[in-house]
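Shown next, in structure tokens, is the structure this report addresses.
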Amino acid sequence: MACYGQNRPLLYNVDDLPQSLLQNPGTRIDFTRHFGVPFLSQIHVFAGSTGVTAYDVFKDDGGDINARIENVISELTSGDFFSFNEQLEIVSFGKKIGKRGYISAGIYQEADVFAYFPKDPATLAFEGNANYIDTPFEFSDVNFNGEVLAVYHVGYHYKVDPKLNVGGRLKFYSGIFNVESTNNSGEFVTYFTPGGTNFYEHSVNRLDVLVRTAGYASLNDTAGMTVEEATAELLSRSMFGKNVGLGVDLGFSYRVTEQFSVNAAIQDLGLMFHSKDVENYHYYGSHTTSGLEPLFPELNPGQGTIPYWDVFEEQLDANLKDETTYEEYNTWRPLKYNASFEFGTGKSILPCDYLISKKPRYMNLFGMLLSGVNRPKGPTYRVTTYWDRKINAQNRFRLAYSLDQFSVTKLGAMYSTRLKNFNIYLAVDDLLGYINLADAHSVSLQLGMQYVFKKK
């Protein structure tokens with residue numbers, strides 16, 4: 001499954017939803033005030049994996065599950081990945097400032113986990129090395145990160161002229177938990193040495209694996225905590241995190257002609273600074289062994305045998321090190337980007353947005369969106385085409401078709417409705433995956449409710 005964080009094509013450029021400002025602070029908008037229902041204005045869950053589904057492993061076909069696991073491992077590559085993203089908007093609000101500006105602010109909680117499939121270590125663990133003589137197993141395949149944080153943000157949207165809108169958003173990150181292990185190196189290889197001490201020689205070369213954590217050590221020491229105490233600890237971190245960071249979002253929209261517009265944005269250009277509750281695990285070194293070589297010398301009465309295993313462990317400890325350190329570290333937030341163009345047809349007499357008053361609005365919008373997220377081995381990507389239909393002043397829907405690394409049949413739908421000033425929306429991506437969730441490469445769901453005002 002693939003996760004794109006806040007890159008959500010079903011809400012991007014929807015001018016009467018405040019959540020569109022979170023993806024592009026410079027997007028065109030069609031309201032003068034808004035405030036979200038606390039904890040309900042945006043609930044978002046996205047999970048997935050490339051190359052494999054739960055059905056591939058657990059399907060009830062009468063076969064052997066070990067054979068299915070072996071088949072999955074053989075088909076997956078070190079470029080395949082697993083991902084999970086969740087976001088909960090705690091509070092949000094905004095208001096028109098002057099004739100051209102709009103200020104918005106809020107708090108949301110986000111969890112993001114991304115891990116590449118550790119192809120070589122998984123193969124070694126499941127199959128062993130008998131069929132891989134002289135073939136190195138790379139530790140660089142171990143590559144993952146995850147974080148849970150709270151985000152405090154304030155944004156400003158400004159209409160430069162009837163064609164151009166720009167915007168920016170400042171974010172303060174409050175870290176709850178972080179773990180990462182990237183840029184690892186080293187290899188394990190077994191050589192065939194019939195003329196040596198043994199038939200095989202096993203070598204760990206230039207091992208350098210580092211797992212960094214922040215917020216884990218104290219949680220690991222909470223065995224005596226009650227559920228209430230542990231919950232209070234996590235809530236205190238979200239409000240006053242031990243580790244903090246700063247980031248920005250930037251974006252614009254430009255009306256090239258009356259019907260044609262373009263826009264682009266970047267999100268989460270920022271850093272997290274991990275200095276508190278840090279605990280890192282470092283594994284490094286090189287070692288070559290031909291295994292145990294038992295000797296059988298004559299022993300005097302009371303003389304013990306040679307402690308082969310103890311000697312072997314001492315050699316490992318002397319050459320392959322594992323250390324726990326407490327050094328501070330910094331991490332980049334996963335940078336997200338969006339760029340799109342849009343073409344409108346069918347002029348309407350519906351009320352227009354306050355930024356382009358007395359200009360026509362179009363009932364149908366056809367667009368194409370390119371979105372992606374930076375990851376350790378390169379960006380993920382997605383191309384989406386959509387049809388956005390304004391049914392009337394209260395109802396709107398969007399149908400979308402996407403291409404990405406995971407599916408060529410990714411269909412999505414969004415519906416938004418408003419009763420007076422109360423708005424509710426639902427967006428579901430990869431609709432075909434809901435036919436059989438176990439066999440879906442990705443699933444996504446978004447819903448929310450808020451009050452949106454189009455007049456002062």
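If you're wondering about the labels, chains in the structure tokens are A, B, ... by order shown, residues count from 1 in each chain, ligands from 1 in order shown.
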Practice problem: Excluding Arg212 (chain A) and residues on its chain fewer than 2 positions from it, collect all residues at most 6 Å away from it, counting only C-alpha atoms, and give them as a ChimeraX atom specification. | Solution: /A:179-180,280
Exercise. Excluding Thr409 (chain A) and residues on its chain fewer than 2 positions from it, collect all residues at most 12 Å away from it, counting only C-alpha atoms, and give them as a list in words.
Key: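 The contact residues come out as Thr384, Ala400, Tyr401, Ser402, Leu403, Asp404, Gln405, Phe406, Ser407, Leu411, Gly412, Asp429, Asp430, Leu431, Leu432, Gly433, Ala440, His441 and Ser442 of chain A.
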Quiz prompt | DSSP helix (DSSP H, G or I) residues within region 35-232 of chain A, as a PyMOL selection string | solution = chain A and resi 54-58+65-75+119-127+139-141+216-220+227-232
Quiz item: Leaving out His274 (chain A) and any residue of its chain fewer than 3 positions from it, which residues lie within 9 Å of it when counting only C-alpha atoms, given as a PyMOL selection string?
Solution: chain A and resi 175+178+213-215+242-245+277-278+328-331
Practice problem: Go through A:Tyr326, A:Phe139, A:Phe93, A:Tyr116 and flag the residue nearest Gly378 (chain A), using only C-alpha atoms for the distances. | Solution: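 Going through A:Tyr326, A:Phe139, A:Phe93, A:Tyr116 one by one, the smallest distance to Gly378 (chain A) is for A:Tyr116.
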So that each row is one residue of region 67-159 of chain A with an atom at most 12 Å from region 41-47 of chain A, can you give its shortest atom pair and the distance in Å to one decimal, using only C-alpha atoms, rows by chain and rising number, as CSV?
```
residue,atom,partner,partner_atom,distance
A:Phe81,CA,A:Ala47,CA,11.2
A:Phe82,CA,A:Ala47,CA,8.0
A:Ser83,CA,A:Ala47,CA,5.7
A:Phe84,CA,A:Ala47,CA,4.4
A:Asn85,CA,A:Phe46,CA,5.2
A:Glu86,CA,A:Val45,CA,4.6
A:Gln87,CA,A:His44,CA,5.1
A:Leu88,CA,A:Ile43,CA,4.9
A:Glu89,CA,A:Gln42,CA,5.1
A:Ile90,CA,A:Ser41,CA,7.6
A:Val91,CA,A:Ser41,CA,7.5
A:Ser92,CA,A:Ser41,CA,7.6
A:Phe93,CA,A:Ser41,CA,10.0
A:Gly106,CA,A:Ser41,CA,10.7
A:Ile107,CA,A:Gln42,CA,11.0
A:Tyr108,CA,A:Gln42,CA,8.9
A:Gln109,CA,A:Ile43,CA,10.0
A:Glu110,CA,A:His44,CA,9.4
A:Ala111,CA,A:Val45,CA,9.6
A:Asp112,CA,A:Phe46,CA,9.6
A:Val113,CA,A:Ala47,CA,9.4
A:Phe114,CA,A:Ala47,CA,10.0
```
Residue subset to file, keeping N, CA, C and O atoms, as a short mmCIF file (atom, residue, chain, number, x, y, z; two decimals), in the first residue's frame:
```cif
data_model
loop_
_atom_site.label_atom_id
_atom_site.label_comp_id
_atom_site.auth_asym_id
_atom_site.auth_seq_id
_atom_site.Cartn_x
_atom_site.Cartn_y
_atom_site.Cartn_z
N PHE A 81 7.51 -1.14 -0.49
CA PHE A 81 7.40 -0.53 0.84
C PHE A 81 6.01 -0.67 1.43
O PHE A 81 5.04 -0.97 0.75
N PHE A 82 5.95 -0.46 2.74
CA PHE A 82 4.73 -0.50 3.53
C PHE A 82 4.55 0.88 4.16
O PHE A 82 5.53 1.52 4.55
N SER A 83 3.30 1.31 4.28
CA SER A 83 3.08 2.65 4.80
C SER A 83 1.74 2.76 5.52
O SER A 83 0.79 2.04 5.21
N PHE A 84 1.73 3.64 6.50
CA PHE A 84 0.50 3.95 7.24
C PHE A 84 0.51 5.43 7.60
O PHE A 84 1.54 5.97 8.01
N ASN A 85 -0.62 6.08 7.38
CA ASN A 85 -0.74 7.48 7.77
C ASN A 85 -2.11 7.73 8.36
O ASN A 85 -3.12 7.25 7.84
N GLU A 86 -2.12 8.46 9.46
CA GLU A 86 -3.38 8.82 10.12
C GLU A 86 -3.30 10.27 10.54
O GLU A 86 -2.24 10.75 10.95
N GLN A 87 -4.39 10.98 10.35
CA GLN A 87 -4.43 12.38 10.78
C GLN A 87 -5.78 12.70 11.39
O GLN A 87 -6.82 12.34 10.84
N LEU A 88 -5.75 13.37 12.52
CA LEU A 88 -6.96 13.78 13.23
C LEU A 88 -6.87 15.27 13.52
O LEU A 88 -5.96 15.72 14.22
N GLU A 89 -7.80 16.02 12.94
CA GLU A 89 -7.83 17.46 13.18
C GLU A 89 -8.53 17.72 14.51
O GLU A 89 -9.70 17.37 14.68
N ILE A 90 -7.82 18.33 15.43
CA ILE A 90 -8.36 18.56 16.77
C ILE A 90 -9.21 19.82 16.80
O ILE A 90 -10.33 19.84 17.31
N VAL A 91 -8.68 20.91 16.25
CA VAL A 91 -9.43 22.16 16.18
C VAL A 91 -8.96 22.92 14.94
O VAL A 91 -7.78 22.82 14.56
N SER A 92 -9.87 23.65 14.30
CA SER A 92 -9.51 24.46 13.14
C SER A 92 -10.49 25.61 13.02
O SER A 92 -11.68 25.47 13.33
N PHE A 93 -9.99 26.74 12.53
CA PHE A 93 -10.84 27.92 12.36
C PHE A 93 -10.15 28.89 11.41
O PHE A 93 -8.94 28.79 11.16
N GLY A 106 -5.03 26.14 13.47
CA GLY A 106 -5.58 24.93 14.06
C GLY A 106 -4.52 24.03 14.64
O GLY A 106 -3.33 24.36 14.68
N ILE A 107 -4.96 22.88 15.09
CA ILE A 107 -4.09 21.84 15.66
C ILE A 107 -4.54 20.50 15.09
O ILE A 107 -5.74 20.22 15.03
N TYR A 108 -3.59 19.69 14.64
CA TYR A 108 -3.93 18.33 14.26
C TYR A 108 -2.84 17.37 14.74
O TYR A 108 -1.70 17.76 14.97
N GLN A 109 -3.24 16.12 14.90
CA GLN A 109 -2.31 15.06 15.30
C GLN A 109 -2.09 14.16 14.10
O GLN A 109 -3.02 13.86 13.34
N GLU A 110 -0.84 13.74 13.90
CA GLU A 110 -0.52 12.91 12.74
C GLU A 110 0.41 11.77 13.12
O GLU A 110 1.30 11.93 13.96
N ALA A 111 0.17 10.61 12.54
CA ALA A 111 1.07 9.46 12.65
C ALA A 111 1.46 9.05 11.24
O ALA A 111 0.61 8.96 10.36
N ASP A 112 2.76 8.80 11.03
CA ASP A 112 3.24 8.42 9.71
C ASP A 112 4.31 7.35 9.87
O ASP A 112 5.30 7.55 10.58
N VAL A 113 4.11 6.20 9.22
CA VAL A 113 5.06 5.09 9.28
C VAL A 113 5.37 4.68 7.85
O VAL A 113 4.45 4.50 7.03
N PHE A 114 6.65 4.53 7.55
CA PHE A 114 7.07 4.16 6.20
C PHE A 114 8.27 3.23 6.30
O PHE A 114 9.27 3.56 6.93
#
```
Quiz item: Can you list, as a list in words, every protein, DNA or RNA residue that comes within 7 Å of Lys336 (chain A) when you count only C-alpha atoms, leaving out same-chain residues fewer than 5 positions away?
Solution: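 Result of the neighbour search: Asn7, Ile266, Gln267, Asp268, Gly372, Val373 and Asn374 of chain A.
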